[in-house]
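Listing of data-v8.cif; format and content: mmCIF, C-alpha atoms and all ligand atoms.
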```cif
data_coords
#
loop_
_atom_site.label_atom_id
_atom_site.label_comp_id
_atom_site.auth_asym_id
_atom_site.auth_seq_id
_atom_site.Cartn_x
_atom_site.Cartn_y
_atom_site.Cartn_z
CA MET A 1 -13.26 14.51 -12.55
CA ARG A 2 -11.10 17.12 -14.15
CA HIS A 3 -9.24 19.36 -11.82
CA SER A 4 -10.12 22.33 -13.96
CA ASN A 5 -13.54 22.19 -12.41
CA ALA A 6 -15.61 19.44 -13.80
CA ILE A 7 -17.43 16.11 -11.32
CA GLY A 8 -22.55 16.60 -11.54
CA GLY A 9 -25.99 15.43 -11.25
CA ASN A 10 -27.14 11.90 -10.89
CA LEU A 11 -24.65 9.37 -12.09
CA PHE A 12 -27.34 7.59 -14.04
CA SER A 13 -29.97 10.05 -14.96
CA THR A 14 -30.58 7.92 -18.04
CA ASP A 15 -33.01 5.00 -18.11
CA ALA A 16 -30.24 2.46 -17.48
CA PRO A 17 -31.87 -0.61 -15.97
CA GLU A 18 -31.32 -0.77 -12.22
CA ARG A 19 -29.18 -3.94 -12.29
CA LEU A 20 -26.92 -2.61 -15.02
CA LYS A 21 -26.54 0.64 -13.12
CA ASP A 22 -25.58 -1.22 -9.94
CA MET A 23 -23.14 -3.44 -11.78
CA LEU A 24 -21.43 -0.57 -13.59
CA GLU A 25 -21.15 1.55 -10.47
CA ARG A 26 -19.74 -1.38 -8.52
CA GLU A 27 -17.14 -2.19 -11.16
CA ALA A 28 -16.19 1.47 -11.44
CA ALA A 29 -15.86 1.76 -7.65
CA LYS A 30 -13.55 -1.24 -7.58
CA TYR A 31 -11.40 -0.08 -10.46
CA PRO A 32 -11.80 3.70 -10.63
CA PHE A 33 -8.78 4.08 -12.89
CA LEU A 34 -10.59 2.32 -15.78
CA THR A 35 -11.60 4.45 -18.73
CA GLU A 36 -15.23 3.45 -18.20
CA ALA A 37 -15.10 4.62 -14.59
CA ALA A 38 -13.59 7.95 -15.63
CA LYS A 39 -16.40 8.34 -18.18
CA LEU A 40 -18.99 7.75 -15.46
CA VAL A 41 -17.40 10.44 -13.32
CA ASP A 42 -17.15 12.82 -16.28
CA ALA A 43 -20.83 12.25 -17.03
CA LEU A 44 -21.58 13.80 -13.66
CA ASN A 45 -20.06 17.10 -14.80
CA LEU A 46 -19.36 17.81 -11.17
CA GLN A 47 -17.62 21.13 -10.46
CA LEU A 48 -15.04 21.71 -7.73
CA ASP A 49 -17.37 24.07 -5.90
CA ASP A 50 -20.08 21.39 -5.88
CA LEU A 51 -17.89 19.41 -3.49
CA THR A 52 -18.34 22.08 -0.84
CA ASP A 53 -21.99 21.01 -0.58
CA PRO A 54 -22.58 18.88 2.57
CA THR A 55 -23.97 16.16 0.26
CA TYR A 56 -20.40 15.40 -0.72
CA LYS A 57 -18.93 15.32 2.79
CA LYS A 58 -18.66 11.51 2.65
CA VAL A 59 -16.74 11.77 -0.61
CA LEU A 60 -14.27 14.28 0.86
CA ASP A 61 -13.86 12.18 4.01
CA ARG A 62 -13.21 9.01 2.05
CA ALA A 63 -10.81 10.77 -0.35
CA THR A 64 -8.85 12.07 2.64
CA GLU A 65 -8.91 8.62 4.23
CA ARG A 66 -7.57 7.01 1.04
CA VAL A 67 -4.49 9.22 1.17
CA VAL A 68 -4.10 8.91 4.95
CA GLN A 69 -4.28 5.09 4.73
CA ALA A 70 -1.70 5.15 1.96
CA ILE A 71 0.63 7.19 4.16
CA GLU A 72 0.09 5.25 7.38
CA ASP A 73 -0.46 1.69 6.16
CA GLY A 74 0.93 1.55 2.62
CA THR A 75 -2.37 0.22 1.33
CA ILE A 76 -6.04 1.23 1.12
CA ASP A 77 -8.95 -0.89 2.29
CA GLU A 78 -11.20 -2.48 -0.33
CA ARG A 79 -14.60 -1.47 1.04
CA LEU A 80 -17.55 -1.37 -1.34
CA ASP A 81 -20.43 -0.54 0.99
CA ASP A 82 -21.05 2.80 -0.70
CA VAL A 83 -19.98 2.45 -4.32
CA LEU A 84 -20.69 6.00 -5.40
CA THR A 85 -18.58 7.43 -2.58
CA GLU A 86 -15.81 4.98 -3.48
CA LEU A 87 -15.93 5.96 -7.13
CA LEU A 88 -15.97 9.72 -6.58
CA SER A 89 -13.41 9.69 -3.78
CA PHE A 90 -10.71 8.33 -6.10
CA PRO A 91 -10.37 11.36 -8.41
CA VAL A 92 -10.66 13.67 -5.39
CA ALA A 93 -7.84 11.77 -3.64
CA VAL A 94 -5.76 11.94 -6.83
CA MET A 95 -6.39 15.69 -6.89
CA PHE A 96 -5.20 16.07 -3.27
CA VAL A 97 -2.00 14.12 -3.94
CA THR A 98 -1.37 16.04 -7.15
CA ILE A 99 -1.75 19.41 -5.45
CA LYS A 100 0.47 18.30 -2.55
CA ASP A 101 3.19 17.74 -5.13
CA GLU A 102 5.49 15.60 -2.94
CA PRO A 103 7.20 12.91 -5.06
CA PHE A 104 7.48 10.57 -2.05
CA LEU A 105 3.75 10.87 -1.33
CA SER A 106 2.89 10.42 -5.01
CA ARG A 107 4.85 7.17 -5.16
CA ARG A 108 3.41 5.90 -1.90
CA TYR A 109 -0.16 6.73 -2.88
CA ALA A 110 0.16 5.14 -6.33
CA LEU A 111 1.55 1.96 -4.79
CA ALA A 112 -1.17 1.84 -2.12
CA GLU A 113 -3.97 2.14 -4.72
CA ALA A 114 -2.26 -0.50 -6.84
CA VAL A 115 -1.97 -2.92 -3.91
CA ARG A 116 -5.70 -2.41 -3.22
CA VAL A 117 -6.43 -3.37 -6.83
CA TYR A 118 -4.19 -6.42 -6.54
CA PHE A 119 -6.22 -7.70 -3.57
CA LEU A 120 -9.50 -7.08 -5.39
CA LEU A 121 -8.25 -8.88 -8.49
CA GLN A 122 -7.54 -11.98 -6.39
CA GLY A 123 -11.28 -12.47 -6.02
CA GLU A 124 -12.17 -11.92 -9.66
CA GLU A 125 -13.04 -14.43 -12.38
CA ARG A 126 -10.26 -14.86 -14.94
CA ASP A 127 -12.42 -13.18 -17.61
CA LYS A 128 -12.45 -9.97 -15.59
CA LEU A 129 -8.67 -9.92 -15.29
CA ALA A 130 -8.31 -10.54 -18.99
CA GLN A 131 -10.77 -7.75 -19.78
CA ILE A 132 -8.91 -5.21 -17.63
CA ALA A 133 -5.55 -6.26 -19.06
CA ARG A 134 -6.73 -6.02 -22.65
CA ASP A 135 -9.02 -2.98 -22.49
CA SER A 136 -7.04 -0.79 -20.12
CA PHE A 137 -3.47 -1.71 -20.92
CA GLY A 138 -3.72 -3.10 -24.44
CA TRP A 139 -2.06 -6.41 -23.58
CA ASP A 140 -2.01 -9.26 -26.05
CA LEU A 141 -3.26 -11.76 -23.46
CA LYS A 142 -4.79 -15.11 -24.34
CA ASP A 143 -6.31 -17.97 -22.38
CA SER A 144 -3.94 -20.88 -21.81
CA GLY A 145 -4.99 -23.49 -19.29
CA GLU A 146 -1.67 -25.36 -19.57
CA ARG A 147 -0.28 -27.15 -16.56
CA TYR A 148 3.46 -27.46 -15.83
CA ASP A 149 4.91 -29.05 -12.71
CA GLY A 150 1.40 -29.21 -11.31
CA VAL A 151 0.89 -25.45 -11.72
CA LEU A 152 -2.01 -24.24 -13.83
CA HIS A 153 -1.06 -21.38 -16.14
CA ASP A 154 -4.34 -19.69 -16.94
CA PHE A 155 -2.94 -17.19 -19.40
CA ARG A 156 -0.26 -16.48 -21.97
CA LEU A 157 0.97 -12.94 -22.54
CA HIS A 158 2.91 -11.72 -25.58
CA PHE A 159 6.55 -11.40 -24.53
CA ASN A 160 6.69 -7.69 -25.54
CA ASP A 161 3.89 -6.87 -23.11
CA TYR A 162 5.44 -9.16 -20.54
CA LEU A 163 8.85 -7.45 -20.72
CA ARG A 164 7.32 -4.00 -20.47
CA SER A 165 4.96 -4.78 -17.59
CA SER A 166 7.56 -6.72 -15.57
CA SER A 167 10.48 -4.35 -16.18
CA SER A 168 10.46 -2.97 -12.63
CA PHE A 169 10.32 -6.42 -10.98
CA HIS A 170 13.65 -7.64 -9.64
CA GLU A 171 12.88 -11.12 -8.35
CA ASP A 172 14.46 -13.94 -10.33
CA LYS A 173 11.14 -15.57 -11.07
CA TRP A 174 10.15 -12.63 -13.31
CA LYS A 175 13.27 -12.84 -15.50
CA LEU A 176 12.35 -14.03 -18.97
CA VAL A 177 14.96 -16.81 -18.81
CA ASN A 178 13.07 -18.27 -15.85
CA ARG A 179 9.70 -18.25 -17.60
CA ILE A 180 8.00 -20.79 -19.82
CA VAL A 181 7.75 -19.15 -23.24
CA LYS A 182 5.78 -20.75 -26.08
CA ASN A 183 5.57 -19.25 -29.55
CA GLY A 184 6.41 -15.77 -28.28
CA TYR A 185 3.99 -15.91 -25.34
CA VAL A 186 4.87 -16.14 -21.65
CA LEU A 187 2.76 -18.51 -19.58
CA LEU A 188 1.34 -16.99 -16.42
CA THR A 189 -0.86 -17.97 -13.50
CA GLN A 190 -3.87 -15.86 -12.63
CA ARG A 191 -2.11 -14.46 -9.58
CA GLU A 192 0.89 -13.44 -11.69
CA VAL A 193 -1.38 -11.62 -14.12
CA ALA A 194 -2.94 -9.79 -11.15
CA ARG A 195 0.54 -8.82 -9.97
CA LEU A 196 1.49 -7.50 -13.40
CA ILE A 197 -1.74 -5.51 -13.55
CA GLN A 198 -0.85 -4.07 -10.15
CA GLY A 199 2.38 -2.75 -11.66
CA GLU A 200 0.51 -1.18 -14.58
CA VAL A 201 -1.99 0.46 -12.22
CA GLU A 202 0.83 1.86 -10.13
CA THR A 203 2.47 3.38 -13.21
CA LEU A 204 -0.83 4.81 -14.40
CA ILE A 205 -1.66 6.46 -11.08
CA LYS A 206 1.91 7.73 -10.70
CA GLU A 207 1.50 9.49 -14.03
CA GLN A 208 -1.84 10.98 -12.93
CA VAL A 209 -0.48 12.40 -9.69
CA SER A 210 2.77 13.67 -11.19
CA LYS A 211 1.15 16.46 -13.19
CA THR A 212 1.66 20.01 -12.03
CA VAL A 213 -1.63 21.49 -10.90
CA LYS A 214 -2.21 24.81 -9.21
CA ILE A 215 -5.71 25.20 -7.78
CA ASN A 216 -7.09 27.36 -5.02
CA LEU A 217 -9.19 24.89 -3.13
CA PRO A 218 -12.46 25.96 -1.52
CA GLU A 219 -12.48 25.87 2.29
CA PRO A 220 -13.73 22.30 3.08
CA LEU A 221 -11.30 20.81 0.57
CA GLN A 222 -8.47 22.92 1.90
CA ARG A 223 -9.13 21.46 5.37
CA CYS A 224 -8.85 17.92 3.94
CA LEU A 225 -5.53 18.83 2.36
CA GLU A 226 -4.30 20.25 5.66
CA ARG A 227 -5.18 16.98 7.41
CA ILE A 228 -3.28 15.04 4.76
CA SER A 229 -0.28 17.37 5.15
CA LYS A 230 -0.32 16.92 8.91
CA VAL A 231 -0.39 13.11 8.70
CA PHE A 232 2.27 13.17 6.02
CA ASP A 233 4.57 15.37 8.12
CA GLU A 234 4.02 13.19 11.20
CA ASN A 235 4.89 10.02 9.30
CA ARG A 236 7.54 11.24 6.92
CA GLN A 237 10.45 10.54 9.23
CA ARG A 238 9.12 7.12 10.18
CA LEU A 239 8.58 6.10 6.57
CA GLY A 240 11.96 7.28 5.46
CA GLY A 241 13.64 5.65 8.44
CA GLU A 242 15.47 8.96 8.95
CA ASP A 243 17.23 9.93 12.08
CA LEU A 244 17.51 6.42 13.53
CA PRO A 245 20.70 5.35 15.33
CA SER A 246 23.24 3.99 12.86
CA GLU A 247 23.69 0.81 14.93
CA VAL A 248 20.99 -1.44 16.30
CA THR A 249 20.66 -0.48 19.98
CA ASN A 250 18.89 -3.26 21.87
CA GLU A 251 18.70 -1.27 25.09
CA ALA A 252 16.57 1.35 23.31
CA PHE A 253 13.85 -1.08 22.24
CA PRO A 254 10.41 0.05 23.37
CA PRO A 255 8.57 -2.15 25.89
CA CYS A 256 6.19 -3.55 23.26
CA ILE A 257 9.05 -4.76 21.08
CA ARG A 258 10.82 -6.17 24.13
CA TYR A 259 7.65 -8.06 24.94
CA CYS A 260 7.56 -9.53 21.42
CA MET A 261 11.26 -10.35 21.49
CA GLU A 262 11.18 -11.95 24.93
CA GLY A 263 8.14 -13.98 23.94
CA LEU A 264 9.98 -15.24 20.88
CA LEU A 265 13.06 -16.18 22.92
CA ALA A 266 10.90 -17.91 25.54
CA GLY A 267 9.19 -19.97 22.85
CA ARG A 268 5.77 -18.39 23.36
CA ARG A 269 3.44 -18.83 20.41
CA ALA A 270 3.38 -15.35 18.89
CA SER A 271 0.38 -13.83 17.15
CA HIS A 272 0.66 -12.67 13.56
CA MET A 273 0.69 -9.04 14.75
CA GLU A 274 3.48 -9.73 17.24
CA ARG A 275 5.64 -11.26 14.54
CA PHE A 276 4.81 -8.46 12.12
CA ALA A 277 5.54 -5.73 14.68
CA LEU A 278 8.82 -7.31 15.70
CA THR A 279 10.02 -8.03 12.17
CA SER A 280 9.06 -4.65 10.71
CA PHE A 281 10.65 -2.89 13.68
CA LEU A 282 13.93 -4.78 13.42
CA VAL A 283 14.05 -4.35 9.64
CA THR A 284 13.42 -0.61 9.91
CA ILE A 285 16.09 -0.01 12.52
CA GLY A 286 18.61 -1.72 10.29
CA MET A 287 19.03 -5.28 11.51
CA PRO A 288 20.49 -7.26 8.58
CA LEU A 289 17.90 -9.60 7.12
CA ASN A 290 20.06 -12.69 7.51
CA ASN A 291 20.50 -11.99 11.23
CA LEU A 292 16.77 -11.69 11.52
CA VAL A 293 16.14 -14.98 9.77
CA ASP A 294 18.81 -16.60 11.96
CA LEU A 295 17.13 -15.20 15.04
CA TYR A 296 13.77 -16.71 14.12
CA THR A 297 15.06 -20.05 13.00
CA SER A 298 17.44 -20.49 15.95
CA VAL A 299 14.72 -20.13 18.57
CA THR A 300 11.72 -21.61 16.76
CA ASP A 301 11.01 -24.47 14.41
CA PHE A 302 10.11 -22.02 11.61
CA ASP A 303 10.96 -23.23 8.15
CA PRO A 304 14.08 -21.25 7.07
CA ALA A 305 12.96 -20.74 3.46
CA MET A 306 9.51 -19.57 4.47
CA THR A 307 10.94 -17.33 7.20
CA GLN A 308 13.35 -15.79 4.73
CA TYR A 309 10.50 -15.19 2.30
CA GLN A 310 8.34 -13.49 4.93
CA VAL A 311 11.16 -11.34 6.27
CA GLU A 312 12.12 -10.22 2.77
CA HIS A 313 8.48 -9.48 2.00
CA ILE A 314 8.20 -7.17 5.02
CA ALA A 315 11.54 -5.58 4.13
CA GLY A 316 10.21 -4.74 0.67
CA VAL A 317 12.72 -6.77 -1.32
CA ARG A 318 10.04 -9.20 -2.47
CA GLY A 319 6.40 -9.19 -3.40
CA ASN A 320 4.83 -5.78 -3.94
CA ARG A 321 8.10 -4.12 -2.83
CA THR A 322 6.45 -2.17 -0.07
CA LYS A 323 8.79 -1.74 2.86
CA TYR A 324 6.54 -2.14 5.86
CA THR A 325 7.05 -0.05 8.96
CA PRO A 326 5.91 -1.06 12.44
CA PRO A 327 2.28 -0.27 13.34
CA LEU A 328 1.30 2.75 15.40
CA CYS A 329 1.05 2.47 19.20
CA ASP A 330 -2.75 2.62 18.89
CA THR A 331 -2.73 -0.47 16.70
CA LEU A 332 -0.38 -2.35 19.02
CA ARG A 333 -2.59 -1.38 21.94
CA THR A 334 -5.62 -2.83 20.16
CA HIS A 335 -3.76 -6.11 19.71
CA GLY A 336 -2.66 -6.29 23.34
CA ILE A 337 1.02 -5.78 22.51
CA CYS A 338 1.45 -2.39 24.20
CA ARG A 339 2.74 -3.56 27.61
CA ASN A 340 4.92 -2.29 30.43
CA LYS A 341 4.69 1.34 29.31
CA ASP A 342 7.19 3.78 30.76
CA ASP A 343 7.61 7.56 30.78
CA ILE A 344 8.77 7.76 27.16
CA CYS A 345 5.64 5.91 26.08
CA GLU A 346 3.58 8.82 27.36
CA ARG A 347 5.21 11.06 24.76
CA VAL A 348 5.03 8.91 21.64
CA LYS A 349 2.54 7.54 19.18
CA HIS A 350 4.92 5.21 17.44
CA PRO A 351 7.48 2.62 18.64
CA LEU A 352 10.13 4.09 16.36
CA SER A 353 9.73 7.48 18.04
CA TYR A 354 10.30 5.71 21.35
CA TYR A 355 13.44 4.09 19.94
CA ARG A 356 14.84 7.42 18.71
CA ILE A 357 14.25 9.16 22.02
CA LYS A 358 15.62 6.31 24.13
CA ALA A 359 18.71 5.90 21.94
CA LYS A 360 19.49 9.62 22.28
CA ARG A 361 18.97 9.44 26.03
CA LEU A 362 21.34 6.46 26.31
CA ALA A 363 23.96 8.18 24.16
CA TYR A 364 23.75 11.22 26.40
CA GLN A 365 24.13 9.12 29.55
CA ARG A 366 27.12 7.18 28.28
CA PRO A 367 30.46 8.44 29.56
CA GLN A 368 32.22 10.46 26.90
CA LYS A 369 35.44 8.88 25.58
CA GLN A 370 38.58 10.65 26.68
CA PRO A 371 40.61 12.06 23.78
S1 LIG B 1 3.19 3.20 24.09
FE1 LIG B 1 3.90 2.64 22.07
S2 LIG B 1 6.08 2.39 22.33
FE2 LIG B 1 5.23 2.31 24.36
S3 LIG B 1 4.89 0.13 24.75
FE3 LIG B 1 2.99 0.98 23.95
S4 LIG B 1 3.08 0.56 21.78
FE4 LIG B 1 5.16 0.39 22.55
#
```

How does the structure come out when it is put into structure tokens?
Ligand code: SF4
Amino acid sequence: MRHSNAIGGNLFSTDAPERLKDMLEREAAKYPFLTEAAKLVDALNLQLDDLTDPTYKKVLDRATERVVQAIEDGTIDERLDDVLTELLSFPVAVMFVTIKDEPFLSRRYALAEAVRVYFLLQGEERDKLAQIARDSFGWDLKDSGERYDGVLHDFRLHFNDYLRSSSSFHEDKWKLVNRIVKNGYVLLTQREVARLIQGEVETLIKEQVSKTVKINLPEPLQRCLERISKVFDENRQRLGGEDLPSEVTNEAFPPCIRYCMEGLLAGRRASHMERFALTSFLVTIGMPLNNLVDLYTSVTDFDPAMTQYQVEHIAGVRGNRTKYTPPLCDTLRTHGICRNKDDICERVKHPLSYYRIKAKRLAYQRPQKQP
């Protein structure tokens, strides 16, 4: 879709055989940034005003949801139950983010779409990965199949492409000196190729949403943008970690986090969500990562290296470099972690909001130091 006005008609009004049509639509819905997917959308010649038709309500809803999920969760689900809605909702979501023109939102959205692609690529055949890498990003990527230290390296990538696509990765394993290079090609596993593609997708989408676009949106689209703005404003502070006490204040922990912490100290077997909530909360409020690893390993039999890896992943210093924030109260409630609520709980939707309020209350109650 072009923001100027063009998305129309039936996607395949031609005589494309049904199976081919299904396959192309499905591929395009999975990877809507591909040139072929963009061509399919362009072929529709859909105009902005067409989106005001109730027929496209699902597209507007899904486009809004894509951006809202990016804001709230840092990723976007990989559903494919309605491929046409998936395909069309991508350019509409890009349009919303572009018009919003908030650099922080643009970065977060691009990363969330890229992480979605990374998860989808995990389930693909190696040929598909190679096709995307070559056709969309022009990589000189060849099959390898060599095994070193028991690890199968499915691919080799020309070192120029490797250096460019890995330039924003800071982990040691991506440094060229730590790679196996043969005749100018870097050996890579399939997962590593998927990760590098994720980086390319992120860059591509960042470029798309960084353009300056001024459009007067028709009413239903304007309402979607208002919803996005509202969610963005509600989450901005949480995502930026702004306005939190400068020192970790244990007494201000919300009841849910206390429950997780006490369970950990008592040796209770914690669920994945409990560990995630606790770790992301402690990371966000500024507990040093080493202290966190020490905390886990001192009271459990967790493997220190693995614990360190997981903590760093949640803190955004590893992996896809997303810094995870604790889940919303609603999510914790669903997982049975929202316990022992008190009066502050009645006012908040997020554990970090609880923490801010409680910390301020405690500071106010503390006796002032005499000069
Ligand atoms: S309402 Fe929110 S902050 Fe309070 S215990 Fe439940 S999840 Fe935690």

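Our summary of the geometry notes that CA of Asp149 (chain A) is positioned 23.9 Å from CA of Thr307 (chain A).
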
Enclose ligand LIG 1 (chain B), meaning all of its atoms listed in the file, in a box aligned along x, y and z, pad it by 4 Å on each side, and list the centre and edge lengths in Å to one decimal, as lines of an AutoDock Vina configuration file.
```
center_x = 4.5
center_y = 1.7
center_z = 23.3
size_x = 11.1
size_y = 11.1
size_z = 11.0
```

Taking 3 positions as the minimum chain separation for residues in the same chain, which residues sit within 8 Å of region 284-295 of chain A when counting only C-alpha atoms? Answer as a VMD selection string.
chain A and resid 241 244 to 248 279 to 281 298 to 299 304 307 to 308 311 to 312 315 325 to 326

Contact residues around Arg164 (chain A) with all atoms listed in the file at 12 Å, ignoring same-chain residues under 2 positions, as a count of residues only:
21

Calculated over only C-alpha atoms and all ligand atoms, which of the candidates A:Arg134, A:Arg268, A:Lys58, A:Arg347 has the smallest distance to ligand LIG 1 (chain B)?
A:Arg347

Shell of 10 Å around ligand LIG 1 (chain B) (all atoms listed in the file), written as an MDAnalysis selection string
chainID A and resid 253:259 277 326:355

Straight-line distance linking CA of Glu78 (chain A) with CA of Tyr324 (chain A), stated in Å to one decimal:
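Value for the CA of Glu78 (chain A)-CA of Tyr324 (chain A) distance: 18.8 Å.
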
Go ahead and compute the interatomic distance for CA of Asp50 (chain A) and CA of Ala29 (chain A), in Å to one decimal.
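The value is 20.2 Å.
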
Using only C-alpha atoms, determine which residues lie at most 7 Å from region 110-116 of chain A, disregarding the query and same-chain residues fewer than 2 positions distant; provide the list as number ranges by chain.
A: 70, 74-78, 106-108, 118-120, 198, 201-202, 205-206

Using only C-alpha atoms, can you tell me which of A:Ser136, A:Asp53, A:Glu72, A:Val186 comes closest to Ala38 (chain A)?
A:Ser136

With distances taken over only C-alpha atoms, which of A:Leu204, A:Pro220, A:Arg126, A:Val209 is nearest to Ala93 (chain A)?
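Looking at the shortest contact to Ala93 (chain A), the residue is A:Val209.
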
Test item: residues at most 10 Å from Val97 (chain A), all atoms listed in the file, excluding those fewer than 5 positions along its chain, as a count of residues only
17

Determine the nearest neighbour of Leu217 (chain A) from the options A:Leu87, A:Ala130, A:Met95, A:Leu34, counting only C-alpha atoms.
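Of A:Leu87, A:Ala130, A:Met95, A:Leu34, the one nearest Leu217 (chain A) is A:Met95, counting only C-alpha atoms.
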
A:Val193, A:Val177, A:Ala359, A:Leu265: which is nearest Asn250 (chain A), counting only C-alpha atoms?
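Among the listed residues, the smallest separation from Asn250 (chain A) belongs to A:Ala359.
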
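Residue nearest Arg361 (chain A) within the list A:Leu60, A:Ala266, A:Ala252, A:Ala305: A:Ala252 [criterion: smallest interatomic distance, only C-alpha atoms].
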